[in-house]
$ cat run03.tsv   # TSV, C-alpha atoms and all ligand atoms
chain	number	residue	atom	x	y	z
A	6	MET	CA	-174.70	10.89	105.80
A	7	THR	CA	-174.85	13.17	102.78
A	8	ILE	CA	-172.23	15.83	102.20
A	9	LEU	CA	-172.68	18.72	99.77
A	10	VAL	CA	-169.35	19.64	98.19
A	11	THR	CA	-169.32	23.05	96.49
A	12	GLY	CA	-166.52	23.29	93.92
A	13	GLY	CA	-166.28	19.50	93.99
A	14	ALA	CA	-164.92	19.26	90.44
A	15	GLY	CA	-161.90	21.41	91.33
A	16	TYR	CA	-158.44	20.32	92.39
A	17	ILE	CA	-158.93	19.90	96.14
A	18	GLY	CA	-162.67	19.23	95.88
A	19	SER	CA	-162.24	16.24	93.56
A	20	HIS	CA	-159.66	14.60	95.83
A	21	THR	CA	-161.98	15.20	98.80
A	22	CYS	CA	-164.91	13.61	96.93
A	23	VAL	CA	-162.77	10.47	96.44
A	24	GLU	CA	-162.02	10.25	100.16
A	25	LEU	CA	-165.66	10.92	101.12
A	26	LEU	CA	-167.00	8.25	98.74
A	27	ASP	CA	-164.34	5.77	99.90
A	28	ALA	CA	-165.38	6.44	103.50
A	29	GLY	CA	-169.02	5.64	102.69
A	30	TYR	CA	-170.54	9.14	102.54
A	31	ASP	CA	-173.12	10.07	99.91
A	32	VAL	CA	-171.79	13.03	97.95
A	33	VAL	CA	-173.62	15.82	96.14
A	34	VAL	CA	-171.46	18.19	94.08
A	35	VAL	CA	-172.33	21.74	93.03
A	36	ASP	CA	-169.95	23.32	90.52
A	37	ASN	CA	-170.32	25.83	87.69
A	38	TYR	CA	-167.17	24.42	85.99
A	39	TYR	CA	-165.61	27.87	85.81
A	40	ASN	CA	-162.21	26.36	86.60
A	41	SER	CA	-162.85	22.63	86.06
A	42	VAL	CA	-164.57	20.19	83.74
A	43	PRO	CA	-167.35	17.65	84.42
A	44	ALA	CA	-165.02	14.83	83.26
A	45	VAL	CA	-163.19	15.20	86.59
A	46	LEU	CA	-166.27	13.86	88.35
A	47	ASP	CA	-166.43	10.88	85.95
A	48	ARG	CA	-162.87	10.13	87.03
A	49	VAL	CA	-163.78	10.42	90.72
A	50	GLU	CA	-166.47	7.80	90.06
A	51	LYS	CA	-163.98	5.63	88.18
A	52	ILE	CA	-161.46	5.73	91.05
A	53	THR	CA	-164.03	4.92	93.72
A	54	GLY	CA	-166.42	2.68	91.76
A	55	LYS	CA	-169.21	4.79	93.29
A	56	THR	CA	-171.53	7.45	91.93
A	57	LEU	CA	-172.17	10.96	93.16
A	58	ARG	CA	-174.98	13.42	92.40
A	59	ARG	CA	-173.92	16.51	90.50
A	60	TYR	CA	-175.48	19.86	89.80
A	61	ASP	CA	-174.17	22.32	87.22
A	62	CYS	CA	-174.98	25.27	89.44
A	63	ASP	CA	-173.40	28.55	90.51
A	64	ILE	CA	-173.39	29.15	94.26
A	65	ARG	CA	-174.72	32.66	93.58
A	66	ASP	CA	-177.85	31.07	92.05
A	67	ARG	CA	-180.18	30.98	95.07
A	68	ASP	CA	-182.99	29.08	93.30
A	69	GLY	CA	-180.52	26.52	92.00
A	70	LEU	CA	-179.05	25.97	95.48
A	71	GLU	CA	-182.51	25.73	97.07
A	72	LYS	CA	-183.35	23.00	94.57
A	73	VAL	CA	-180.22	21.09	95.62
A	74	PHE	CA	-181.27	21.28	99.27
A	75	SER	CA	-184.89	20.34	98.51
A	76	GLU	CA	-183.87	17.31	96.45
A	77	ASN	CA	-181.27	16.04	98.94
A	78	LYS	CA	-181.11	15.76	102.71
A	79	ILE	CA	-177.76	17.47	103.22
A	80	ASP	CA	-176.12	16.77	106.60
A	81	ALA	CA	-173.07	19.02	106.12
A	82	VAL	CA	-171.39	21.19	103.50
A	83	ILE	CA	-167.74	21.40	102.44
A	84	HIS	CA	-167.36	24.75	100.72
A	85	PHE	CA	-164.53	24.87	98.16
A	86	ALA	CA	-166.22	26.91	95.42
A	87	GLY	CA	-164.34	30.13	94.81
A	88	LEU	CA	-161.83	31.91	92.63
A	89	LYS	CA	-158.22	31.55	93.79
A	90	ALA	CA	-155.74	33.34	91.53
A	91	VAL	CA	-153.95	35.91	93.66
A	92	GLY	CA	-152.62	38.01	90.75
A	93	GLU	CA	-155.97	38.01	88.94
A	94	SER	CA	-157.70	39.15	92.14
A	95	THR	CA	-155.62	42.33	92.21
A	96	LYS	CA	-156.87	43.15	88.69
A	97	LEU	CA	-160.47	41.99	89.14
A	98	PRO	CA	-161.21	42.60	92.82
A	99	LEU	CA	-164.97	43.06	92.32
A	100	LEU	CA	-165.24	39.70	90.57
A	101	TYR	CA	-163.46	38.07	93.53
A	102	TYR	CA	-165.62	39.79	96.14
A	103	GLU	CA	-168.79	39.01	94.19
A	104	ASN	CA	-168.02	35.38	93.49
A	105	ASN	CA	-166.33	34.41	96.75
A	106	ILE	CA	-168.07	36.57	99.34
A	107	TRP	CA	-171.50	37.03	97.81
A	108	GLY	CA	-171.54	33.38	96.67
A	109	SER	CA	-170.71	32.29	100.23
A	110	ILE	CA	-173.44	34.48	101.72
A	111	VAL	CA	-176.05	33.00	99.38
A	112	LEU	CA	-174.86	29.51	100.32
A	113	PHE	CA	-175.02	30.24	104.08
A	114	GLU	CA	-178.52	31.74	103.72
A	115	VAL	CA	-179.79	28.73	101.79
A	116	MET	CA	-178.21	26.40	104.35
A	117	GLU	CA	-179.85	28.26	107.22
A	118	LYS	CA	-183.25	28.14	105.51
A	119	ALA	CA	-182.82	24.39	104.96
A	120	GLY	CA	-181.80	23.88	108.61
A	121	CYS	CA	-178.30	22.67	107.65
A	122	LYS	CA	-175.84	24.49	109.91
A	123	LYS	CA	-172.68	22.44	109.54
A	124	ILE	CA	-169.90	23.64	107.28
A	125	VAL	CA	-166.21	23.16	106.54
A	126	PHE	CA	-164.76	26.21	104.80
A	127	SER	CA	-161.62	26.32	102.58
A	128	SER	CA	-159.54	29.09	104.03
A	129	SER	CA	-155.87	29.80	103.43
A	130	ALA	CA	-152.61	30.41	105.26
A	131	THR	CA	-152.63	33.75	103.48
A	132	VAL	CA	-154.93	35.11	106.27
A	133	TYR	CA	-151.89	35.15	108.61
A	134	GLY	CA	-150.04	37.77	106.57
A	135	ASN	CA	-146.82	38.84	108.20
A	136	ASN	CA	-146.95	36.89	111.49
A	137	PRO	CA	-143.92	35.13	112.99
A	138	ILE	CA	-143.47	31.49	111.91
A	139	PRO	CA	-144.66	28.88	112.49
A	140	TYR	CA	-148.21	30.17	112.16
A	141	LYS	CA	-150.59	29.24	114.98
A	142	GLU	CA	-154.39	29.50	114.87
A	143	ASP	CA	-154.62	32.07	117.67
A	144	MET	CA	-152.40	34.61	115.91
A	145	PRO	CA	-154.05	37.78	114.60
A	146	THR	CA	-155.29	37.46	111.01
A	147	GLY	CA	-156.38	39.88	108.32
A	148	ASP	CA	-153.16	41.69	107.41
A	149	VAL	CA	-153.58	40.28	103.93
A	150	SER	CA	-151.88	41.48	100.75
A	151	SER	CA	-154.45	40.59	98.06
A	152	PRO	CA	-158.20	40.84	97.38
A	153	TYR	CA	-158.22	37.02	97.13
A	154	GLY	CA	-156.73	36.73	100.61
A	155	ARG	CA	-159.18	39.30	101.94
A	156	THR	CA	-162.11	37.22	100.66
A	157	LYS	CA	-160.85	34.35	102.84
A	158	HIS	CA	-160.43	36.63	105.85
A	159	PHE	CA	-163.87	38.23	105.40
A	160	ILE	CA	-165.63	34.88	104.96
A	161	GLU	CA	-163.97	33.61	108.15
A	162	LYS	CA	-165.28	36.73	109.93
A	163	ILE	CA	-168.78	36.36	108.43
A	164	LEU	CA	-168.92	32.77	109.68
A	165	GLY	CA	-167.75	33.99	113.08
A	166	ASP	CA	-170.68	36.43	113.19
A	167	VAL	CA	-173.09	33.74	112.01
A	168	TYR	CA	-172.01	31.55	114.92
A	169	GLU	CA	-172.20	34.42	117.41
A	170	ALA	CA	-175.80	35.03	116.34
A	171	ASP	CA	-176.78	31.36	116.41
A	172	ASN	CA	-174.74	28.92	118.51
A	173	SER	CA	-176.33	25.90	116.87
A	174	TRP	CA	-173.98	26.26	113.87
A	175	SER	CA	-170.91	24.05	113.62
A	176	ILE	CA	-168.10	25.56	111.57
A	177	SER	CA	-164.60	24.41	110.71
A	178	LEU	CA	-162.22	26.88	109.06
A	179	LEU	CA	-159.40	24.94	107.41
A	180	ARG	CA	-156.39	27.11	106.63
A	181	TYR	CA	-154.55	25.31	103.87
A	182	PHE	CA	-150.84	25.77	103.32
A	183	ASN	CA	-149.44	24.83	99.87
A	184	PRO	CA	-151.31	21.84	98.42
A	185	ILE	CA	-149.49	19.93	95.66
A	186	GLY	CA	-149.45	16.35	94.38
A	187	ALA	CA	-152.22	14.26	92.87
A	188	HIS	CA	-154.19	11.09	93.42
A	189	GLU	CA	-151.98	8.01	93.10
A	190	SER	CA	-154.07	6.71	90.17
A	191	GLY	CA	-152.95	9.67	88.05
A	192	LEU	CA	-156.61	10.19	87.06
A	193	ILE	CA	-157.11	13.47	88.92
A	194	GLY	CA	-154.70	16.25	89.82
A	195	GLU	CA	-154.07	19.95	89.43
A	196	ASP	CA	-154.91	21.13	85.94
A	197	PRO	CA	-154.83	24.94	85.75
A	198	ASN	CA	-155.96	26.82	82.65
A	199	GLY	CA	-153.25	28.76	80.80
A	200	ILE	CA	-149.82	29.45	82.26
A	201	PRO	CA	-149.70	28.30	85.89
A	202	ASN	CA	-149.04	30.84	88.63
A	203	ASN	CA	-148.07	28.32	91.28
A	204	LEU	CA	-144.77	26.51	91.59
A	205	MET	CA	-145.62	22.83	91.21
A	206	PRO	CA	-147.88	23.02	88.13
A	207	TYR	CA	-145.25	25.28	86.54
A	208	ILE	CA	-142.51	22.74	87.28
A	209	SER	CA	-144.50	19.85	85.86
A	210	ARG	CA	-145.28	21.76	82.64
A	211	VAL	CA	-141.57	22.47	82.20
A	212	ALA	CA	-140.83	18.78	82.79
A	213	ILE	CA	-143.40	17.66	80.17
A	214	GLY	CA	-141.99	20.18	77.69
A	215	LYS	CA	-145.00	22.53	77.52
A	216	LEU	CA	-143.05	25.41	79.07
A	217	GLU	CA	-139.43	26.20	78.34
A	218	LYS	CA	-138.04	27.06	81.73
A	219	LEU	CA	-138.91	27.82	85.32
A	220	THR	CA	-137.93	31.13	86.88
A	221	VAL	CA	-137.16	30.83	90.58
A	222	PHE	CA	-138.55	34.02	92.08
A	223	GLY	CA	-135.60	35.33	94.08
A	224	GLY	CA	-132.37	33.69	95.22
A	225	ASP	CA	-131.37	36.32	97.75
A	226	TYR	CA	-133.87	35.76	100.58
A	227	ASP	CA	-132.63	35.36	104.13
A	228	THR	CA	-133.13	31.58	104.03
A	229	PRO	CA	-130.50	28.77	104.00
A	230	ASP	CA	-130.35	28.53	100.18
A	231	GLY	CA	-131.69	32.02	99.41
A	232	THR	CA	-135.05	30.80	97.98
A	233	CYS	CA	-138.49	31.03	99.61
A	234	ILE	CA	-139.69	28.43	102.05
A	235	ARG	CA	-143.26	27.03	102.06
A	236	ASP	CA	-145.15	24.25	103.78
A	237	TYR	CA	-146.13	21.88	100.97
A	238	ILE	CA	-148.87	19.40	101.69
A	239	HIS	CA	-150.02	16.41	99.64
A	240	VAL	CA	-153.53	17.04	98.31
A	241	VAL	CA	-154.65	13.59	99.51
A	242	ASP	CA	-153.50	14.42	103.06
A	243	LEU	CA	-155.41	17.69	102.72
A	244	ALA	CA	-158.51	15.86	101.44
A	245	ARG	CA	-158.35	13.54	104.45
A	246	ALA	CA	-158.26	16.52	106.79
A	247	HIS	CA	-161.75	17.37	105.49
A	248	LEU	CA	-163.02	13.97	106.58
A	249	CYS	CA	-161.70	14.57	110.09
A	250	ALA	CA	-163.28	18.04	110.10
A	251	VAL	CA	-166.63	16.70	108.85
A	252	ALA	CA	-166.65	13.98	111.51
A	253	ASP	CA	-165.97	16.68	114.09
A	254	ILE	CA	-168.69	19.15	112.99
A	255	LEU	CA	-171.25	16.36	112.72
A	256	LYS	CA	-170.93	15.77	116.47
A	257	THR	CA	-170.33	19.25	117.87
A	258	THR	CA	-171.34	22.89	117.58
A	259	GLY	CA	-168.90	25.81	117.60
A	260	ILE	CA	-166.40	27.49	115.30
A	261	GLU	CA	-162.75	26.48	115.09
A	262	ALA	CA	-159.85	27.28	112.77
A	263	TYR	CA	-157.22	24.64	111.94
A	264	ASN	CA	-153.90	24.83	110.15
A	265	ILE	CA	-153.66	22.10	107.54
A	266	GLY	CA	-149.97	21.85	106.75
A	267	ASN	CA	-147.08	19.49	107.32
A	268	GLY	CA	-145.34	21.77	109.79
A	269	LYS	CA	-142.15	21.56	107.71
A	270	GLY	CA	-140.78	24.13	105.30
A	271	SER	CA	-139.16	23.33	101.94
A	272	SER	CA	-137.34	25.81	99.76
A	273	VAL	CA	-137.98	26.26	96.04
A	274	LEU	CA	-134.61	24.65	95.27
A	275	GLU	CA	-135.44	21.67	97.51
A	276	ILE	CA	-138.71	21.18	95.61
A	277	ILE	CA	-136.89	21.37	92.27
A	278	ASN	CA	-134.41	18.78	93.52
A	279	ALA	CA	-137.16	16.48	94.83
A	280	PHE	CA	-139.00	16.74	91.51
A	281	GLU	CA	-135.85	15.91	89.55
A	282	GLN	CA	-135.28	12.85	91.73
A	283	ALA	CA	-138.89	11.69	91.38
A	284	SER	CA	-139.14	12.21	87.62
A	285	GLY	CA	-135.58	11.53	86.54
A	286	ILE	CA	-135.80	14.75	84.50
A	287	LYS	CA	-133.34	17.62	84.73
A	288	LEU	CA	-135.38	20.82	85.05
A	289	ASN	CA	-134.45	23.89	83.07
A	290	TYR	CA	-134.54	26.79	85.52
A	291	VAL	CA	-132.99	30.19	86.20
A	292	ILE	CA	-132.89	32.30	89.33
A	293	GLY	CA	-134.78	35.51	88.63
A	294	ASP	CA	-136.15	38.53	90.48
A	295	ARG	CA	-138.33	38.29	93.54
A	296	ARG	CA	-142.11	38.17	92.92
A	297	ALA	CA	-143.95	41.12	94.50
A	298	GLY	CA	-145.90	40.12	97.60
A	299	ASP	CA	-143.97	36.88	98.34
A	300	LEU	CA	-143.04	36.27	101.97
A	301	PRO	CA	-139.57	34.73	102.52
A	302	ALA	CA	-140.81	31.80	104.58
A	303	PHE	CA	-143.90	30.42	106.24
A	304	TYR	CA	-145.08	27.07	107.54
A	305	ALA	CA	-147.74	25.72	109.86
A	306	ASP	CA	-147.86	24.65	113.42
A	307	PRO	CA	-150.38	21.83	112.79
A	308	THR	CA	-150.60	20.72	116.45
A	309	LYS	CA	-154.24	21.74	116.84
A	310	ALA	CA	-155.40	19.67	113.84
A	311	ASN	CA	-153.20	16.78	115.03
A	312	THR	CA	-154.58	16.72	118.55
A	313	ARG	CA	-158.18	17.92	118.22
A	314	LEU	CA	-159.09	16.46	114.82
A	315	GLY	CA	-156.78	13.44	115.03
A	316	TRP	CA	-155.41	14.38	111.59
A	317	HIS	CA	-151.78	13.89	110.61
A	318	ALA	CA	-150.11	14.48	107.26
A	319	GLU	CA	-148.66	11.23	105.99
A	320	TYR	CA	-146.76	12.11	102.82
A	321	GLY	CA	-143.50	13.99	102.23
A	322	VAL	CA	-142.32	16.06	99.28
A	323	ASP	CA	-140.91	12.99	97.45
A	324	LYS	CA	-144.35	11.42	97.22
A	325	MET	CA	-145.90	14.81	96.32
A	326	CYS	CA	-143.48	15.13	93.39
A	327	LEU	CA	-143.90	11.49	92.30
A	328	ASP	CA	-147.68	11.79	92.18
A	329	THR	CA	-147.59	15.19	90.44
A	330	TRP	CA	-145.35	13.75	87.74
A	331	ASN	CA	-147.47	10.60	87.39
A	332	PHE	CA	-150.56	12.78	86.82
A	333	GLN	CA	-148.76	15.09	84.37
A	334	ARG	CA	-147.32	12.18	82.37
A	335	LYS	CA	-150.69	10.46	82.09
A	336	ASN	CA	-152.49	13.70	81.20
A	337	PRO	CA	-150.08	15.74	79.07
A	338	ASP	CA	-152.97	17.86	77.79
A	339	GLY	CA	-154.87	17.99	81.07
A	340	ILE	CA	-158.26	16.46	81.81
A	341	ARG	CA	-160.74	16.53	78.90
B	1	LIG	P1	-160.15	25.02	91.95
B	1	LIG	O1	-160.29	26.27	91.13
B	1	LIG	O2	-159.50	23.85	91.32
B	1	LIG	O3	-161.59	24.58	92.47
B	1	LIG	C1	-162.62	25.48	92.76
B	1	LIG	C2	-163.90	24.97	92.10
B	1	LIG	O4	-164.96	25.89	92.40
B	1	LIG	C3	-163.78	24.89	90.57
B	1	LIG	O5	-164.24	23.63	90.13
B	1	LIG	C4	-164.68	26.03	90.10
B	1	LIG	O6	-165.27	25.73	88.84
B	1	LIG	C5	-165.70	26.12	91.21
B	1	LIG	N1	-166.34	27.43	91.37
B	1	LIG	C6	-165.76	28.65	91.41
B	1	LIG	N2	-166.69	29.60	91.57
B	1	LIG	C7	-167.89	28.97	91.63
B	1	LIG	C8	-169.23	29.41	91.78
B	1	LIG	N3	-169.53	30.71	91.89
B	1	LIG	N4	-170.22	28.49	91.82
B	1	LIG	C9	-169.94	27.17	91.69
B	1	LIG	N5	-168.69	26.69	91.53
B	1	LIG	C10	-167.68	27.59	91.50
B	1	LIG	O7	-159.41	25.43	93.30
B	1	LIG	P2	-158.80	24.50	94.43
B	1	LIG	O8	-157.32	24.60	94.36
B	1	LIG	O9	-159.43	23.16	94.42
B	1	LIG	O10	-159.25	25.33	95.72
B	1	LIG	C11	-160.46	25.02	96.39
B	1	LIG	C12	-160.68	26.05	97.48
B	1	LIG	O11	-159.56	26.03	98.36
B	1	LIG	C13	-160.80	27.48	96.99
B	1	LIG	O12	-161.77	28.15	97.76
B	1	LIG	C14	-159.43	28.06	97.22
B	1	LIG	O13	-159.46	29.45	97.39
B	1	LIG	C15	-159.02	27.35	98.50
B	1	LIG	N6	-157.57	27.28	98.66
B	1	LIG	C16	-156.80	26.72	97.68
B	1	LIG	C17	-155.42	26.68	97.82
B	1	LIG	C18	-154.54	26.09	96.75
B	1	LIG	O14	-153.33	26.29	96.78
B	1	LIG	N7	-155.07	25.35	95.78
B	1	LIG	C19	-154.81	27.19	98.98
B	1	LIG	C20	-155.61	27.76	99.97
B	1	LIG	C21	-157.01	27.78	99.80
B	2	LIG	C1	-149.74	31.48	96.57
B	2	LIG	C2	-150.46	32.72	97.02
B	2	LIG	C3	-151.23	32.41	98.28
B	2	LIG	C4	-152.15	31.21	98.06
B	2	LIG	C5	-151.29	30.03	97.59
B	2	LIG	C6	-152.08	28.81	97.30
B	2	LIG	C7	-149.11	34.60	96.21
B	2	LIG	C8	-148.25	35.75	96.59
B	2	LIG	N1	-149.54	33.82	97.21
B	2	LIG	O1	-148.84	31.13	97.61
B	2	LIG	O2	-152.01	33.53	98.66
B	2	LIG	O3	-152.83	30.87	99.24
B	2	LIG	O4	-150.60	30.41	96.40
B	2	LIG	O5	-152.88	28.99	96.17
B	2	LIG	O6	-149.41	34.40	95.03
B	2	LIG	N2	-142.27	30.26	92.70
B	2	LIG	C9	-141.21	30.37	91.85
B	2	LIG	N3	-141.46	30.31	90.50
B	2	LIG	C10	-142.73	30.16	89.97
B	2	LIG	C11	-143.81	30.04	90.88
B	2	LIG	C12	-143.55	30.11	92.23
B	2	LIG	O7	-140.07	30.50	92.26
B	2	LIG	O8	-142.88	30.15	88.74
B	2	LIG	C13	-142.00	30.29	94.15
B	2	LIG	C14	-142.70	31.43	94.86
B	2	LIG	O9	-141.88	32.56	94.91
B	2	LIG	C15	-142.91	30.82	96.24
B	2	LIG	C16	-143.03	29.32	95.99
B	2	LIG	O10	-142.50	29.10	94.69
B	2	LIG	O11	-141.79	31.02	97.02
B	2	LIG	C17	-144.46	28.84	96.02
B	2	LIG	O12	-145.23	29.67	95.16
B	2	LIG	P1	-146.76	29.40	94.85
B	2	LIG	O13	-146.95	28.00	94.45
B	2	LIG	O14	-147.23	30.48	93.92
B	2	LIG	O15	-147.46	29.57	96.28
B	2	LIG	P2	-147.37	30.79	97.32
B	2	LIG	O16	-146.74	31.99	96.72
B	2	LIG	O17	-146.81	30.26	98.58
$ encode --input "run03.tsv" --output "structure tokens"
Amino acid sequence: MTILVTGGAGYIGSHTCVELLDAGYDVVVVDNYYNSVPAVLDRVEKITGKTLRRYDCDIRDRDGLEKVFSENKIDAVIHFAGLKAVGESTKLPLLYYENNIWGSIVLFEVMEKAGCKKIVFSSSATVYGNNPIPYKEDMPTGDVSSPYGRTKHFIEKILGDVYEADNSWSISLLRYFNPIGAHESGLIGEDPNGIPNNLMPYISRVAIGKLEKLTVFGGDYDTPDGTCIRDYIHVVDLARAHLCAVADILKTTGIEAYNIGNGKGSSVLEIINAFEQASGIKLNYVIGDRRAGDLPAFYADPTKANTRLGWHAEYGVDKMCLDTWNFQRKNPDGIR
């Protein structure tokens, strides 16, 4: 079986390529390296001892994508390619709509033309907006606070319409919670450009001495320690969820959404503490103002993915912090 992975050189995509290759799939990657470097794929090959096919191609490039489908017999697609910076999306909404939504439409059209109607799509817990916790898949979605989040909601809806029009499609919408951690080898991990927006890469850059101090965004939330609660999930657990989803879409038709989270919340202070334990480093941090748009607490009810996909998260926050630090230590200047 051959799986096309769009955005395969990115953080989650690269970890998923490792799991796919280890499980015996042939892997074809399409990436324009907007937020990654080709060296990541060399490292994926090093970890697995296997090779993958790669195309330096933008998903908005219809001719380029058609070439990929004509040169490979693709059985299913895992679609990671997209822009993901929430703050940036509020400043550059058209770029986000063009890249994420238009890029996805071109991909779906090329798939349809090639007769490949099986796809796993990277969605986000952000589609739930202000629902009660824990989030469940049948809750209303779409009350989203950023253009980035709206791209995820719209693409989910577009895929819903695609399935309504043609029931031979098989579609899995994976709603990720907060992926952190890195592959145990320390060869691949999260390597954002510039100053990180997200908690864990910020923490690890403070620990390695590249940033002076972490600001905890708000210490006065209505939570046990006053800081926000999120459902952190190890990126390797998340990658493995894609294998379960691929196995499922290869044998069925339909459209289903799944929460991919641990089902447990951790506060910012708990993550700081877990990181300090794992690294042996005392983190320099201050409690600052709340960040606009942050919800006090959310986490997944992952029962549907557990029961229907047979997927369970294996790793806790200690292992997530250990592997993040291992990657950061081995790659102080990122992946080159
Ligand atoms: P990432 O930026 O590391 O990976 C995305 C990859 O897609 C990059 O390699 C980038 O170069 C590529 N890409 C972007 N636009 C492209 C285009 N037009 N054509 C070809 N390649 C393109 O991000 P990630 O953290 O690995 O996230 C993967 C997916 O999961 C994204 O769709 C993201 O929105 C979604 N997601 C991520 C998180 C998270 O916390 N990381 C949470 C929820 C959902
Ligand atoms: C963010 C996005 C969300 C996206 C997710 C994964 C926002 C508002 N939400 O979620 O849409 O799906 O990333 O990419 O941006 N924190 C600090 N200090 C920091 C950084 C973060 O205290 O320097 C806190 C935040 O307030 C939050 C927690 O750490 O409580 C996690 O933050 P982050 O990693 O940015 O993820 P989310 O905000 O949950």
$ atom_distance --input "run03.tsv" --atom1 "CA of Lys215 (chain A)" --atom2 "CA of Pro337 (chain A)"
8.6 Å
$ residues_near_ligand --input "run03.tsv" --ligand "ligand LIG 2 (chain B)" --cutoff "9 Å" --atoms "all atoms listed in the file" --output "PyMOL selection string"
chain A and resi 89-92+128-132+149-151+153-154+181-185+201-208+219-224+232-237+272-274+276+292-293+295-303
$ atom_distance --input "run03.tsv" --atom1 "CA of Trp107 (chain A)" --atom2 "CA of Asp80 (chain A)"
22.6 Å
$ residues_around --input "run03.tsv" --residues "region 48-52 of chain A" --least-positions-apart "3" --cutoff "10 Å" --atoms "all atoms listed in the file" --output "list of chain:residue names"
A:Gly13, A:Ala14, A:Ser19, A:His20, A:Thr21, A:Cys22, A:Val23, A:Glu24, A:Leu26, A:Asp27, A:Pro43, A:Ala44, A:Val45, A:Lys55, A:Thr56, A:Leu57, A:His188, A:Glu189, A:Ser190, A:Gly191, A:Leu192, A:Ile193, A:Ile340
$ write_last_selection --input "run03.tsv" --atoms "C-alpha atoms" --output "CSV table (one decimal), in the frame of the given file"
chain,number,residue,atom,x,y,z
A,13,GLY,CA,-166.3,19.5,94.0
A,14,ALA,CA,-164.9,19.3,90.4
A,19,SER,CA,-162.2,16.2,93.6
A,20,HIS,CA,-159.7,14.6,95.8
A,21,THR,CA,-162.0,15.2,98.8
A,22,CYS,CA,-164.9,13.6,96.9
A,23,VAL,CA,-162.8,10.5,96.4
A,24,GLU,CA,-162.0,10.2,100.2
A,26,LEU,CA,-167.0,8.2,98.7
A,27,ASP,CA,-164.3,5.8,99.9
A,43,PRO,CA,-167.4,17.6,84.4
A,44,ALA,CA,-165.0,14.8,83.3
A,45,VAL,CA,-163.2,15.2,86.6
A,55,LYS,CA,-169.2,4.8,93.3
A,56,THR,CA,-171.5,7.4,91.9
A,57,LEU,CA,-172.2,11.0,93.2
A,188,HIS,CA,-154.2,11.1,93.4
A,189,GLU,CA,-152.0,8.0,93.1
A,190,SER,CA,-154.1,6.7,90.2
A,191,GLY,CA,-153.0,9.7,88.0
A,192,LEU,CA,-156.6,10.2,87.1
A,193,ILE,CA,-157.1,13.5,88.9
A,340,ILE,CA,-158.3,16.5,81.8
$ closest_residue --input "run03.tsv" --among "A:Arg245, A:Asp294, A:Asp328, A:Thr308" --to "Ala28 (chain A)" --atoms "only C-alpha atoms"
A:Arg245
$ residues_near_point --input "run03.tsv" --point "(-149.0, 29.8, 114.5)" --cutoff "7 Å" --atoms "all atoms listed in the file" --output "list in words"
Ile138, Pro139, Tyr140, Lys141, Glu142, Asp143, Met144, Ala305 and Asp306 of chain A
$ closest_residue --input "run03.tsv" --among "A:Gly285, A:Gly120, A:Gly165, A:Gly18" --to "Ala212 (chain A)" --atoms "only C-alpha atoms"
A:Gly285
$ residues_near_ligand --input "run03.tsv" --ligand "ligand LIG 1 (chain B)" --cutoff "7 Å" --atoms "only C-alpha atoms and all ligand atoms" --output "VMD selection string"
chain A and resid 11 to 18 35 to 41 62 to 65 85 to 89 104 to 105 108 127 to 130 180 to 184 195
$ residues_near_point --input "run03.tsv" --point "(-168.7, 29.5, 117.6)" --cutoff "9 Å" --atoms "all atoms listed in the file" --output "PDB file with C-alpha atoms, keeping the file's coordinate frame"
ATOM      1  CA  LEU A 164    -168.920  32.770 109.680  1.00  0.00           C
ATOM      2  CA  GLY A 165    -167.750  33.990 113.080  1.00  0.00           C
ATOM      3  CA  ASP A 166    -170.680  36.430 113.190  1.00  0.00           C
ATOM      4  CA  VAL A 167    -173.090  33.740 112.010  1.00  0.00           C
ATOM      5  CA  TYR A 168    -172.010  31.550 114.920  1.00  0.00           C
ATOM      6  CA  GLU A 169    -172.200  34.420 117.410  1.00  0.00           C
ATOM      7  CA  ASP A 171    -176.780  31.360 116.410  1.00  0.00           C
ATOM      8  CA  ASN A 172    -174.740  28.920 118.510  1.00  0.00           C
ATOM      9  CA  SER A 173    -176.330  25.900 116.870  1.00  0.00           C
ATOM     10  CA  TRP A 174    -173.980  26.260 113.870  1.00  0.00           C
ATOM     11  CA  SER A 175    -170.910  24.050 113.620  1.00  0.00           C
ATOM     12  CA  ILE A 176    -168.100  25.560 111.570  1.00  0.00           C
ATOM     13  CA  THR A 258    -171.340  22.890 117.580  1.00  0.00           C
ATOM     14  CA  GLY A 259    -168.900  25.810 117.600  1.00  0.00           C
ATOM     15  CA  ILE A 260    -166.400  27.490 115.300  1.00  0.00           C
ATOM     16  CA  GLU A 261    -162.750  26.480 115.090  1.00  0.00           C
TER      17      GLU A 261
END
$ closest_residue --input "run03.tsv" --among "A:Gly214, A:Pro98, A:Gly266, A:Gly339" --to "His317 (chain A)" --atoms "all atoms listed in the file"
A:Gly266
$ closest_residue --input "run03.tsv" --among "A:Ala262, A:Ala310, A:Met325, A:Val240" --to "Tyr133 (chain A)" --atoms "all atoms listed in the file"
A:Ala262
$ atom_distance --input "run03.tsv" --atom1 "CA of Leu314 (chain A)" --atom2 "CA of Ala250 (chain A)"
6.5 Å
$ closest_residue --input "run03.tsv" --among "A:Ser284, A:Thr312, A:Asn289, A:Thr329" --to "Asn264 (chain A)" --atoms "only C-alpha atoms"
A:Thr312
